[in-house]
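K.L.:
File name start38.tsv; file contents TSV, C-alpha atoms; full text below.
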chain	number	residue	atom	x	y	z
A	1	MET	CA	2.79	9.20	25.23
A	2	SER	CA	5.03	8.74	22.20
A	3	GLN	CA	4.04	6.00	19.78
A	4	ILE	CA	6.48	4.33	17.40
A	5	PHE	CA	5.62	1.97	14.55
A	6	LEU	CA	7.68	0.06	12.01
A	7	ALA	CA	6.06	-0.23	8.57
A	8	LEU	CA	6.92	-2.47	5.62
A	9	ASP	CA	5.60	-2.81	2.10
A	10	THR	CA	6.67	-5.17	-0.68
A	11	SER	CA	3.56	-5.11	-2.86
A	12	ALA	CA	5.50	-3.39	-5.66
A	13	THR	CA	8.96	-2.33	-4.51
A	14	ALA	CA	10.50	-2.98	-1.10
A	15	SER	CA	10.40	-0.26	1.56
A	16	ALA	CA	10.59	0.23	5.31
A	17	ALA	CA	9.79	3.22	7.51
A	18	ILE	CA	9.54	4.31	11.13
A	19	LEU	CA	6.60	6.46	12.22
A	20	ARG	CA	7.01	8.35	15.49
A	21	ASP	CA	4.15	10.53	16.71
A	22	GLU	CA	2.61	10.77	13.22
A	23	GLN	CA	5.92	11.74	11.58
A	24	ILE	CA	8.11	9.57	9.35
A	25	VAL	CA	11.53	9.75	11.01
A	26	ALA	CA	13.34	7.07	8.99
A	27	HIS	CA	12.76	5.59	5.55
A	28	ARG	CA	14.42	3.30	3.01
A	29	ALA	CA	13.13	2.13	-0.38
A	30	THR	CA	14.29	0.63	-3.65
A	31	ASP	CA	13.02	1.27	-7.16
A	32	SER	CA	13.43	-2.37	-8.15
A	33	GLN	CA	10.49	-4.77	-8.22
A	34	ARG	CA	12.75	-7.83	-8.19
A	35	ASN	CA	14.96	-7.79	-5.08
A	36	HIS	CA	12.59	-7.59	-2.10
A	37	SER	CA	14.12	-10.42	-0.09
A	38	GLU	CA	17.67	-9.21	-0.68
A	39	VAL	CA	17.15	-5.64	0.55
A	40	LEU	CA	14.33	-5.74	3.10
A	41	ALA	CA	16.30	-6.98	6.12
A	42	GLY	CA	18.93	-4.30	5.55
A	43	PHE	CA	16.26	-1.61	5.23
A	44	ILE	CA	14.70	-2.67	8.53
A	45	THR	CA	18.06	-2.52	10.32
A	46	ARG	CA	18.79	0.92	8.88
A	47	VAL	CA	15.46	2.54	9.70
A	48	LEU	CA	15.52	1.21	13.25
A	49	THR	CA	19.08	2.47	13.70
A	50	ASP	CA	18.24	5.83	12.12
A	51	ALA	CA	15.36	6.18	14.58
A	52	GLY	CA	17.63	5.45	17.55
A	53	LEU	CA	16.29	1.96	18.18
A	54	ASP	CA	18.20	-1.27	18.72
A	55	PRO	CA	17.61	-3.30	15.54
A	56	THR	CA	18.02	-6.59	17.41
A	57	ALA	CA	15.54	-5.84	20.19
A	58	PRO	CA	13.85	-2.47	19.67
A	59	GLN	CA	12.41	-1.19	22.94
A	60	GLY	CA	9.42	1.13	22.73
A	61	LEU	CA	8.12	-0.16	19.39
A	62	ASP	CA	4.32	-0.14	19.67
A	63	GLY	CA	3.53	-2.22	16.64
A	64	LEU	CA	4.12	-3.02	13.03
A	65	PHE	CA	2.18	-2.22	9.86
A	66	VAL	CA	2.63	-4.21	6.68
A	67	GLY	CA	1.16	-3.76	3.23
A	68	VAL	CA	-0.82	-6.88	2.40
A	69	GLY	CA	-1.17	-6.13	-1.29
A	70	PRO	CA	-2.55	-6.79	-3.71
A	71	GLY	CA	0.76	-7.74	-5.26
A	72	PRO	CA	2.67	-10.52	-7.00
A	73	PHE	CA	3.22	-13.65	-4.92
A	74	THR	CA	6.99	-13.63	-4.41
A	75	GLY	CA	7.47	-9.99	-3.49
A	76	LEU	CA	4.36	-9.71	-1.33
A	77	ARG	CA	5.21	-12.87	0.58
A	78	ALA	CA	8.64	-11.48	1.52
A	79	GLY	CA	7.16	-8.54	3.40
A	80	ILE	CA	4.35	-10.45	5.07
A	81	VAL	CA	6.52	-13.33	6.31
A	82	THR	CA	9.05	-10.81	7.63
A	83	ALA	CA	6.32	-8.87	9.45
A	84	GLN	CA	4.88	-12.02	10.99
A	85	THR	CA	8.31	-13.18	12.15
A	86	LEU	CA	9.29	-9.83	13.67
A	87	ALA	CA	5.95	-9.40	15.42
A	88	HIS	CA	6.31	-12.84	17.00
A	89	THR	CA	9.97	-12.34	17.91
A	90	TRP	CA	9.46	-8.89	19.42
A	91	ASP	CA	6.02	-9.66	20.88
A	92	ILE	CA	4.31	-6.68	19.27
A	93	PRO	CA	1.04	-6.46	17.34
A	94	ALA	CA	1.13	-6.59	13.54
A	95	HIS	CA	-1.55	-4.92	11.43
A	96	GLY	CA	-2.31	-5.44	7.76
A	97	VAL	CA	-2.97	-2.45	5.50
A	98	LEU	CA	-4.26	-2.76	1.96
A	99	SER	CA	-1.36	-1.32	-0.04
A	100	LEU	CA	-3.70	0.50	-2.44
A	101	ASP	CA	-5.31	2.23	0.57
A	102	GLY	CA	-1.92	3.51	1.64
A	103	LEU	CA	-1.24	4.98	-1.79
A	104	ALA	CA	-4.76	6.44	-1.91
A	105	HIS	CA	-4.08	8.16	1.42
A	106	ARG	CA	-0.97	9.77	-0.06
A	107	VAL	CA	-2.62	11.06	-3.23
A	108	ALA	CA	-6.03	12.10	-1.88
A	109	PRO	CA	-4.98	15.60	-0.72
A	110	GLU	CA	-3.52	16.38	-4.16
A	111	ALA	CA	-6.62	14.94	-5.81
A	112	LEU	CA	-8.75	17.28	-3.70
A	113	ARG	CA	-6.66	20.29	-4.75
A	114	SER	CA	-7.21	19.21	-8.36
A	115	GLY	CA	-10.96	19.02	-7.85
A	116	VAL	CA	-11.08	15.22	-8.10
A	117	ASP	CA	-13.98	13.84	-6.07
A	118	GLU	CA	-13.55	10.17	-7.05
A	119	PHE	CA	-10.45	8.43	-8.31
A	120	ILE	CA	-8.78	5.13	-9.05
A	121	VAL	CA	-5.51	3.83	-7.66
A	122	ALA	CA	-3.89	1.33	-10.04
A	123	THR	CA	-0.60	-0.56	-9.88
A	124	ASP	CA	1.14	-3.13	-12.06
A	125	ALA	CA	-0.21	-6.66	-11.73
A	126	ARG	CA	1.92	-7.98	-14.63
A	127	ARG	CA	0.34	-10.34	-17.22
A	128	LYS	CA	-1.01	-7.16	-18.90
A	129	GLU	CA	-3.27	-6.49	-15.91
A	130	VAL	CA	-3.51	-3.94	-13.10
A	131	TYR	CA	-4.48	-4.06	-9.45
A	132	TRP	CA	-6.93	-1.29	-8.73
A	133	ALA	CA	-9.54	0.13	-6.38
A	134	HIS	CA	-12.11	2.93	-6.60
A	135	TYR	CA	-12.14	5.70	-3.96
A	136	ASP	CA	-14.37	8.53	-2.87
A	137	ASN	CA	-12.42	11.61	-1.81
A	138	ILE	CA	-13.91	13.12	1.33
A	139	GLY	CA	-12.08	16.30	2.25
A	140	GLY	CA	-8.75	14.86	1.15
A	141	GLN	CA	-9.32	11.52	2.89
A	142	PRO	CA	-9.93	8.42	0.75
A	143	GLN	CA	-12.85	6.08	1.32
A	144	ARG	CA	-12.64	2.87	-0.68
A	145	LEU	CA	-15.91	2.26	-2.51
A	146	HIS	CA	-15.03	-0.80	-4.59
A	147	GLY	CA	-12.14	-3.21	-4.89
A	148	PRO	CA	-9.47	-4.31	-4.85
A	149	PHE	CA	-9.62	-5.96	-8.26
A	150	VAL	CA	-7.20	-7.40	-10.79
A	151	THR	CA	-8.32	-6.87	-14.37
A	152	ALA	CA	-7.18	-5.77	-17.80
A	153	PRO	CA	-6.65	-1.97	-17.92
A	154	SER	CA	-9.58	-1.66	-20.32
A	155	GLU	CA	-11.93	-2.86	-17.55
A	156	VAL	CA	-11.00	-0.17	-15.05
A	157	THR	CA	-13.74	2.34	-14.21
A	158	GLU	CA	-13.30	5.57	-16.21
A	159	LEU	CA	-12.02	8.01	-13.57
A	160	PRO	CA	-8.73	9.85	-12.92
A	161	VAL	CA	-6.06	7.28	-12.11
A	162	TYR	CA	-3.17	7.58	-9.67
A	163	GLY	CA	-0.40	5.01	-9.67
A	164	ALA	CA	2.04	3.20	-11.89
A	165	GLY	CA	-0.73	1.32	-13.67
A	166	ALA	CA	-1.62	4.55	-15.45
A	167	GLY	CA	1.94	5.01	-16.63
A	168	LEU	CA	2.03	1.50	-18.06
A	169	TYR	CA	-1.29	1.71	-19.91
A	170	PRO	CA	-1.90	5.35	-20.91
A	171	GLN	CA	-4.06	4.26	-23.83
A	172	HIS	CA	-6.64	2.90	-21.37
A	173	LEU	CA	-6.14	4.85	-18.12
A	174	TYR	CA	-6.40	8.60	-17.54
A	175	GLY	CA	-3.26	9.08	-15.49
A	176	MET	CA	-2.81	12.15	-13.30
A	177	THR	CA	0.35	14.17	-13.91
A	178	ASN	CA	3.23	13.43	-11.49
A	179	PHE	CA	1.55	10.25	-10.23
A	180	THR	CA	1.86	7.86	-13.18
A	181	ASP	CA	4.84	6.06	-11.62
A	182	ALA	CA	3.63	6.04	-8.00
A	183	VAL	CA	3.68	2.76	-6.09
A	184	PRO	CA	2.69	1.93	-2.51
A	185	ASP	CA	5.40	2.64	0.05
A	186	ALA	CA	5.98	1.83	3.71
A	187	ALA	CA	5.59	5.52	4.58
A	188	ASP	CA	2.07	5.40	3.10
A	189	ILE	CA	1.29	2.21	5.01
A	190	ALA	CA	2.49	3.75	8.28
A	191	ALA	CA	0.56	6.99	7.87
A	192	TYR	CA	-2.69	5.33	6.88
A	193	GLY	CA	-2.42	2.52	9.41
A	194	ALA	CA	-1.81	4.93	12.30
A	195	LEU	CA	-4.77	7.07	11.19
A	196	VAL	CA	-7.11	4.07	11.18
A	197	LEU	CA	-5.97	3.05	14.66
A	198	ARG	CA	-6.46	6.60	15.99
A	199	ARG	CA	-10.01	6.47	14.69
A	200	GLY	CA	-10.56	3.28	16.65
A	201	GLN	CA	-11.19	1.28	13.50
A	202	ALA	CA	-9.96	-2.17	12.58
A	203	LEU	CA	-7.17	-2.89	10.12
A	204	LEU	CA	-6.70	-6.09	8.12
A	205	PRO	CA	-5.21	-9.43	9.14
A	206	VAL	CA	-1.62	-9.94	8.09
A	207	GLU	CA	-2.61	-12.12	5.16
A	208	PRO	CA	-1.65	-11.59	1.50
A	209	GLN	CA	-4.12	-10.24	-1.05
A	210	TYR	CA	-3.09	-11.98	-4.27
A	211	LEU	CA	-6.39	-11.58	-6.20
A	212	ARG	CA	-5.52	-14.00	-8.97
A	213	GLY	CA	-8.01	-16.40	-10.47
A	214	HIS	CA	-11.52	-16.02	-9.09
A	215	ASP	CA	-10.53	-14.20	-5.91
A	216	ALA	CA	-12.05	-10.92	-7.08
A	217	GLN	CA	-14.96	-10.18	-9.35
A	218	ILE	CA	-15.69	-6.69	-10.63
A	219	PRO	CA	-19.35	-5.62	-10.21
A	220	LYS	CA	-21.15	-5.38	-13.54
A	221	GLN	CA	-22.29	-1.80	-12.86
A	222	LEU	CA	-18.66	-0.66	-12.67
A	223	ARG	CA	-17.67	-2.07	-16.05
A	224	LYS	CA	-17.51	0.35	-18.94
The structure in this file should be written as structure tokens.
P.N.:
Amino acid sequence: MSQIFLALDTSATASAAILRDEQIVAHRATDSQRNHSEVLAGFITRVLTDAGLDPTAPQGLDGLFVGVGPGPFTGLRAGIVTAQTLAHTWDIPAHGVLSLDGLAHRVAPEALRSGVDEFIVATDARRKEVYWAHYDNIGGQPQRLHGPFVTAPSEVTELPVYGAGAGLYPQHLYGMTNFTDAVPDAADIAAYGALVLRRGQALLPVEPQYLRGHDAQIPKQLRK
């Protein structure tokens, strides 16, 4: 039986995607990190329409995935509130996906081809900090070992880094070529979320991961 999911992510930029039978069939995204609320509703309407679904009452939609961060408060909240509202309105389940996990899922196959067994995914946390997590690479599939954290770039474990955090702080992070501007995207969230469900595993609650203050502490053994 065909399965169709809507996915959203606003942890960095705003994006929306439709996944049908493990294939992304519609996608919209912006490069801006400042206009999530303004563009997200339009993106959702467009991807539903592009996928042949009624944007006001999409029949056949099996669920919704949303990136729960980590990310800045305003942008992240836009995606999560939208996901909660749509799930309630359309009476479909909503699943949270750590946005860094989605990006790790995208880059892991390339990391494997490059011989990278462990890697970091890092994105911009502003305030001269990065959001990051540490992954094992098992046959091109990421397994999160530690994180997520928010720290200064100098505190990130010394491993190859994928994500826009590396592009912002090249003096501290060993960024991998072609991935130093990568940010989480709804297509990543959809692909990883569907994979986790197929494995019969649990996803996250639809609750934001802000990680500011004392929400996350980096283990001492991981510090340089």
K.L.:
Would you pick out the contacts of Pro170 of chain A at 12 Å or less, using all atoms listed in the file, so that residues sharing its chain but fewer than 6 positions from it are not included, and give the list as an MDAnalysis selection string?
P.N.:
chainID A and resid 122 153:154 160:164 176:177 180:181
K.L.:
Now that the selection is made, can you save its residues with C-alpha atoms as an mmCIF file, keeping the file's coordinate frame?
P.N.:
data_model
loop_
_atom_site.group_PDB
_atom_site.id
_atom_site.type_symbol
_atom_site.label_atom_id
_atom_site.label_comp_id
_atom_site.auth_asym_id
_atom_site.auth_seq_id
_atom_site.Cartn_x
_atom_site.Cartn_y
_atom_site.Cartn_z
ATOM 1 C CA ALA A 122 -3.890 1.330 -10.040
ATOM 2 C CA PRO A 153 -6.650 -1.970 -17.920
ATOM 3 C CA SER A 154 -9.580 -1.660 -20.320
ATOM 4 C CA PRO A 160 -8.730 9.850 -12.920
ATOM 5 C CA VAL A 161 -6.060 7.280 -12.110
ATOM 6 C CA TYR A 162 -3.170 7.580 -9.670
ATOM 7 C CA GLY A 163 -0.400 5.010 -9.670
ATOM 8 C CA ALA A 164 2.040 3.200 -11.890
ATOM 9 C CA MET A 176 -2.810 12.150 -13.300
ATOM 10 C CA THR A 177 0.350 14.170 -13.910
ATOM 11 C CA THR A 180 1.860 7.860 -13.180
ATOM 12 C CA ASP A 181 4.840 6.060 -11.620
#
K.L.:
Which is closer to Leu159 of chain A than all the others in A:Arg199, A:His134, A:Val206, A:Gly52, using only C-alpha atoms?
P.N.:
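Smallest distance to Leu159 of chain A is found for A:His134.
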K.L.:
For segment 94-111 of chain A, find every residue with an atom within 6 Å (counting all atoms listed in the file), except residues of its own chain fewer than 2 positions away, and show them as a list in words.
P.N.:
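Contacts, in chain order: Gly63, Leu64, Phe65, Val66, Gly67, Val68, Gly69, Ala87, Arg113, Ser114, Val116, Gly140, Gln141, Pro142, Pro184, Asp188, Ile189, Tyr192, Leu203, Leu204, Pro205 and Val206 of chain A.
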K.L.:
With distances taken over only C-alpha atoms, which of A:Leu168, A:Ala78, A:Leu19, A:Ala29 is nearest to Gln3 of chain A?
P.N.:
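The shortest atom-to-atom distance to Gln3 of chain A comes from A:Leu19.
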K.L.:
Considering all atoms listed in the file, can you say which of A:Val25, A:Leu195, A:Ala125, A:Ala17 comes closest to Thr151 of chain A?
P.N.:
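Looking only at the distances to Thr151 of chain A, the closest residue turns out to be A:Ala125.
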K.L.:
Out of A:Ile120, A:Ala7, A:Ala166, A:Ala191, which residue has the shortest atom-to-atom distance to Leu40 of chain A when counting all atoms listed in the file?
P.N.:
A:Ala7
K.L.:
With only C-alpha atoms as the basis for distance, which of A:Glu38, A:Asp50, A:Asp91, A:Asp124 is at the shortest distance from Ala12 of chain A?
P.N.:
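Counting only C-alpha atoms, the residue closest to Ala12 of chain A is A:Asp124.
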K.L.:
Would you mind reading off the distance between atom CA of Gly147 of chain A and atom CA of Glu129 of chain A, one decimal, in Å?
P.N.:
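That distance, rounded to one decimal, is 14.5 Å.
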K.L.:
When you draw a straight line from atom CA of Gln23 of chain A to atom CA of Gln84 of chain A, how long is it in Å?
P.N.:
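Value for the atom CA of Gln23 of chain A-atom CA of Gln84 of chain A distance: 23.8 Å.
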K.L.:
Just the number, please: distance in Å from atom CA of Thr13 of chain A to atom CA of Pro55 of chain A, one decimal.
P.N.:
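Computing it gives 21.9 Å between the two atoms.
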K.L.:
Pick from A:Leu48, A:Ser11, A:Gly175, A:Ile4: nearest to Phe73 of chain A, with only C-alpha atoms counted?
P.N.:
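Looking at the shortest contact to Phe73 of chain A, the residue is A:Ser11.
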K.L.:
Name the residues in contact with Ala194 of chain A at a cut-off of 8 Å, using only C-alpha atoms, excluding same-chain residues fewer than 4 positions from it; report them as a VMD selection string.
P.N.:
chain A and resid 22 190 198
K.L.:
Any chance you can output those residues with C-alpha atoms as a tab-separated table (two decimals), in the coordinates of the input?
P.N.:
chain	number	residue	atom	x	y	z
A	22	GLU	CA	2.61	10.77	13.22
A	190	ALA	CA	2.49	3.75	8.28
A	198	ARG	CA	-6.46	6.60	15.99
K.L.:
So which residues touch Arg212 of chain A within 12 Å, counting all atoms listed in the file, skipping near sequence neighbours fewer than 2 positions away, as a ChimeraX atom specification?
P.N.:
/A:69-73,125-127,129-131,148-151,208-210,214-217
